[in-house]
$ cat coords-v1.pdb   # PDB, C-alpha atoms
ATOM      1  CA  MET A  36     -18.118 -35.582   1.285
ATOM      2  CA  PRO A  37     -20.814 -33.629  -0.553
ATOM      3  CA  GLY A  38     -19.946 -31.620  -3.666
ATOM      4  CA  TRP A  39     -20.265 -28.245  -1.944
ATOM      5  CA  ALA A  40     -17.705 -29.309   0.676
ATOM      6  CA  TRP A  41     -15.152 -30.132  -2.019
ATOM      7  CA  SER A  42     -15.817 -26.724  -3.569
ATOM      8  CA  LEU A  43     -15.267 -25.053  -0.212
ATOM      9  CA  VAL A  44     -12.026 -26.986   0.332
ATOM     10  CA  GLY A  45     -10.871 -25.948  -3.153
ATOM     11  CA  VAL A  46     -11.628 -22.267  -2.565
ATOM     12  CA  VAL A  47      -9.940 -22.230   0.856
ATOM     13  CA  GLY A  48      -6.946 -24.132  -0.528
ATOM     14  CA  GLY A  49      -6.658 -21.698  -3.448
ATOM     15  CA  LEU A  50      -6.801 -18.677  -1.149
ATOM     16  CA  LEU A  51      -4.166 -20.214   1.107
ATOM     17  CA  LEU A  52      -1.943 -20.890  -1.889
ATOM     18  CA  LEU A  53      -2.332 -17.289  -3.088
ATOM     19  CA  TRP A  54      -1.474 -15.997   0.404
ATOM     20  CA  VAL A  55       1.685 -18.140   0.535
ATOM     21  CA  LEU A  56       2.634 -16.890  -2.937
ATOM     22  CA  LEU A  57       2.108 -13.295  -1.777
ATOM     23  CA  ILE A  58       4.367 -13.879   1.233
ATOM     24  CA  ALA A  59       7.049 -15.379  -1.027
ATOM     25  CA  VAL A  60       6.918 -12.431  -3.439
ATOM     26  CA  MET A  61       7.048  -9.940  -0.576
ATOM     27  CA  TRP A  62       9.989 -11.763   0.975
ATOM     28  CA  ALA A  63      11.844 -11.667  -2.349
ATOM     29  CA  THR A  64      11.126  -7.955  -2.899
ATOM     30  CA  LYS A  65      11.199  -6.753   0.692
ATOM     31  CA  PRO A  66      12.525  -3.248   1.178
ATOM     32  CA  ASP A  67      15.905  -3.001   2.811
ATOM     33  CA  GLU A  68      16.172  -1.731   6.368
ATOM     34  CA  LEU A  69      17.148   1.818   5.338
ATOM     35  CA  ARG A  70      14.238   2.227   2.899
ATOM     36  CA  LEU A  71      11.759   0.833   5.418
ATOM     37  CA  ARG A  72      13.010   3.192   8.143
ATOM     38  CA  GLU A  73      12.789   6.154   5.745
ATOM     39  CA  LEU A  74       9.226   5.215   4.774
ATOM     40  CA  LEU A  75       8.176   4.889   8.408
ATOM     41  CA  ARG A  76       9.532   8.397   9.009
ATOM     42  CA  LEU A  77       7.334   9.669   6.156
ATOM     43  CA  LEU A  78       4.228   7.830   7.371
ATOM     44  CA  PRO A  79       2.334  10.839   8.842
ATOM     45  CA  ASP A  80       2.830  12.854   5.643
ATOM     46  CA  VAL A  81       1.883   9.885   3.459
ATOM     47  CA  LEU A  82      -1.345   9.344   5.414
ATOM     48  CA  ARG A  83      -2.243  13.032   5.039
ATOM     49  CA  LEU A  84      -1.410  12.809   1.323
ATOM     50  CA  VAL A  85      -3.679   9.793   0.826
ATOM     51  CA  ARG A  86      -6.502  11.515   2.737
ATOM     52  CA  ARG A  87      -6.108  14.706   0.695
ATOM     53  CA  LEU A  88      -6.046  12.792  -2.583
ATOM     54  CA  ALA A  89      -9.105  10.760  -1.561
ATOM     55  CA  GLY A  90     -11.029  13.983  -0.930
ATOM     56  CA  ASP A  91      -9.879  15.719  -4.125
ATOM     57  CA  ARG A  92     -12.978  16.003  -6.342
ATOM     58  CA  THR A  93     -10.850  16.793  -9.417
ATOM     59  CA  LEU A  94      -9.522  13.231  -9.475
ATOM     60  CA  PRO A  95     -11.549  10.499 -11.181
ATOM     61  CA  ARG A  96     -13.915   8.544  -8.938
ATOM     62  CA  GLY A  97     -12.009   5.262  -9.441
ATOM     63  CA  ILE A  98      -8.858   6.780  -7.992
ATOM     64  CA  ARG A  99     -10.699   8.224  -5.009
ATOM     65  CA  VAL A 100     -12.364   4.859  -4.325
ATOM     66  CA  ARG A 101      -8.951   3.154  -4.420
ATOM     67  CA  LEU A 102      -7.575   5.677  -1.953
ATOM     68  CA  TRP A 103     -10.529   5.289   0.444
ATOM     69  CA  LEU A 104     -10.093   1.512   0.285
ATOM     70  CA  LEU A 105      -6.407   2.000   1.075
ATOM     71  CA  LEU A 106      -7.270   4.145   4.104
ATOM     72  CA  GLY A 107      -9.733   1.472   5.237
ATOM     73  CA  TYR A 108      -7.097  -1.240   4.829
ATOM     74  CA  LEU A 109      -4.577   0.766   6.837
ATOM     75  CA  ALA A 110      -7.139   1.392   9.592
ATOM     76  CA  LEU A 111      -8.087  -2.277   9.954
ATOM     77  CA  PRO A 112      -6.171  -4.309  12.524
ATOM     78  CA  ILE A 113      -6.125  -7.268  10.100
ATOM     79  CA  ASP A 114      -3.232  -7.287   7.625
ATOM     80  CA  LEU A 115      -2.202  -9.488   4.734
ATOM     81  CA  VAL A 116       0.891 -10.351   6.737
ATOM     82  CA  PRO A 117       0.637 -10.255  10.546
ATOM     83  CA  ASP A 118       2.816  -7.597  12.172
ATOM     84  CA  PHE A 119       4.639 -10.105  14.382
ATOM     85  CA  ILE A 120       6.502 -11.491  11.329
ATOM     86  CA  PRO A 121       9.861  -9.680  11.255
ATOM     87  CA  VAL A 122      10.299  -7.021   8.536
ATOM     88  CA  LEU A 123       7.428  -8.310   6.366
ATOM     89  CA  GLY A 124       4.819  -7.540   8.998
ATOM     90  CA  TYR A 125       5.251  -3.816   8.495
ATOM     91  CA  ALA A 126       6.538  -3.955   4.951
ATOM     92  CA  ASP A 127       3.195  -5.203   3.590
ATOM     93  CA  ASP A 128       1.543  -1.899   4.450
ATOM     94  CA  ALA A 129       4.375   0.034   2.805
ATOM     95  CA  ILE A 130       4.159  -2.129  -0.313
ATOM     96  CA  VAL A 131       0.377  -1.714  -0.570
ATOM     97  CA  VAL A 132       0.705   2.083  -0.171
ATOM     98  CA  ALA A 133       3.427   2.211  -2.840
ATOM     99  CA  LEU A 134       1.326   0.154  -5.284
ATOM    100  CA  VAL A 135      -1.743   2.345  -4.785
ATOM    101  CA  LEU A 136       0.294   5.557  -5.149
ATOM    102  CA  ARG A 137       1.835   4.216  -8.355
ATOM    103  CA  SER A 138      -1.619   3.515  -9.768
ATOM    104  CA  VAL A 139      -2.777   7.011  -8.742
ATOM    105  CA  VAL A 140       0.199   8.611 -10.475
ATOM    106  CA  ARG A 141      -0.359   6.452 -13.540
ATOM    107  CA  ARG A 142      -3.992   7.654 -13.855
ATOM    108  CA  ALA A 143      -3.851  11.200 -12.452
ATOM    109  CA  GLY A 144      -0.268  12.183 -13.162
ATOM    110  CA  PRO A 145       2.571  13.124 -10.811
ATOM    111  CA  ASP A 146       1.247  16.682 -10.439
ATOM    112  CA  ALA A 147      -1.686  15.424  -8.326
ATOM    113  CA  VAL A 148       0.716  14.001  -5.741
ATOM    114  CA  THR A 149       2.970  17.058  -5.872
ATOM    115  CA  HIS A 150       0.021  19.425  -5.432
ATOM    116  CA  GLN A 151      -1.391  17.571  -2.402
ATOM    117  CA  TRP A 152       1.914  16.723  -0.659
ATOM    118  CA  PRO A 153       1.790  18.138   2.916
ATOM    119  CA  GLY A 154       5.454  17.703   3.799
ATOM    120  CA  SER A 155       8.803  19.096   2.771
ATOM    121  CA  PRO A 156      10.261  18.891  -0.749
ATOM    122  CA  ASP A 157      12.883  16.478   0.603
ATOM    123  CA  GLY A 158      10.106  14.244   1.932
ATOM    124  CA  LEU A 159       8.385  14.279  -1.460
ATOM    125  CA  ALA A 160      11.644  13.353  -3.153
ATOM    126  CA  ALA A 161      12.093  10.476  -0.678
ATOM    127  CA  LEU A 162       8.523   9.290  -1.303
ATOM    128  CA  ARG A 163       9.082   9.357  -5.061
ATOM    129  CA  ARG A 164      12.295   7.383  -4.642
ATOM    130  CA  LEU A 165      10.803   4.822  -2.239
ATOM    131  CA  ALA A 166       7.614   4.236  -4.225
ATOM    132  CA  ARG A 167       9.487   4.476  -7.529
ATOM    133  CA  LEU A 168       7.215   7.276  -8.716
ATOM    134  CA  PRO A 169       8.178   9.313 -11.788
ATOM    135  CA  ALA A 170       9.525  12.799 -11.189
TER
END

$ encode --input "coords-v1.pdb" --output "structure tokens"
Amino acid sequence: MPGWAWSLVGVVGGLLLLWVLLIAVMWATKPDELRLRELLRLLPDVLRLVRRLAGDRTLPRGIRVRLWLLLGYLALPIDLVPDFIPVLGYADDAIVVALVLRSVVRRAGPDAVTHQWPGSPDGLAALRRLARLPA
């Protein structure tokens, strides 16, 4: 086999190994059934929150780019974990949203999320609890 083919095999093998590792980590940290159901109930408000934050010109550009990439990821039919895999198929989207929201809060502060939250105060409290955001 030529050298470029071995390189291609190595890259594909490495990506496959990283994907399997991601699945293992997600399986170990998967949200319980109650948390997942609560997050799915908040989904419309969370999507509006992400859209509002992505359009907020007061936030740094890096945060807005992250949020637009998140919206693009959520809109794509291709996921890190296919949706037909029980629990993890839908949990990957919730985990990605939680990670991005944590990074937004870390850079912009919790007031940015509070200011743009479109839902009820109870929904915001549930989002903070589910995504482990500071109060």

$ atom_distance --input "coords-v1.pdb" --atom1 "CA of Leu123 in chain A" --atom2 "CA of Leu159 in chain A"
23.9 Å

$ resolve_selection --input "coords-v1.pdb" --expression "the PyMOL selection byres ((chain A and resi 84-87) around 8)" --output "list of chain:residue names"
A:Asp80, A:Val81, A:Leu82, A:Arg83, A:Leu88, A:Ala89, A:Gly90, A:Asp91, A:Leu102, A:Trp103, A:Leu106, A:Val148, A:Gln151, A:Trp152, A:Pro153

$ residues_around --input "coords-v1.pdb" --residues "Pro117 in chain A" --least-positions-apart "6" --cutoff "12 Å" --atoms "only C-alpha atoms" --output "tab-separated table (two decimals) with C-alpha atoms, in the coordinates of the input"
chain	number	residue	atom	x	y	z
A	54	TRP	CA	-1.47	-16.00	0.40
A	58	ILE	CA	4.37	-13.88	1.23
A	111	LEU	CA	-8.09	-2.28	9.95
A	123	LEU	CA	7.43	-8.31	6.37
A	124	GLY	CA	4.82	-7.54	9.00
A	125	TYR	CA	5.25	-3.82	8.49
A	126	ALA	CA	6.54	-3.96	4.95
A	127	ASP	CA	3.20	-5.20	3.59
A	128	ASP	CA	1.54	-1.90	4.45

$ residues_near_point --input "coords-v1.pdb" --point "(-8.5, 8.1, -12.2)" --cutoff "8 Å" --atoms "all atoms listed in the file" --output "ChimeraX atom specification"
/A:94-99,139,142-143

$ atom_distance --input "coords-v1.pdb" --atom1 "CA of Pro112 in chain A" --atom2 "CA of Leu51 in chain A"
19.7 Å

$ atom_distance --input "coords-v1.pdb" --atom1 "CA of Val132 in chain A" --atom2 "CA of Leu105 in chain A"
7.2 Å

$ closest_residue --input "coords-v1.pdb" --among "A:Ala161, A:Ala166, A:Ile120, A:Leu115" --to "Ala133 in chain A" --atoms "all atoms listed in the file"
A:Ala166

$ closest_residue --input "coords-v1.pdb" --among "A:Pro37, A:Gly107, A:Gly144, A:Gly154" --to "Pro169 in chain A" --atoms "all atoms listed in the file"
A:Gly144

$ closest_residue --input "coords-v1.pdb" --among "A:Leu162, A:Ala147, A:Val116, A:Val131" --to "Val55 in chain A" --atoms "only C-alpha atoms"
A:Val116

$ closest_residue --input "coords-v1.pdb" --among "A:Val46, A:Leu77, A:Arg137, A:Leu52" --to "Ala160 in chain A" --atoms "all atoms listed in the file"
A:Leu77

$ closest_residue --input "coords-v1.pdb" --among "A:Gly38, A:Leu134, A:Gly49, A:Arg76" --to "Gly158 in chain A" --atoms "only C-alpha atoms"
A:Arg76
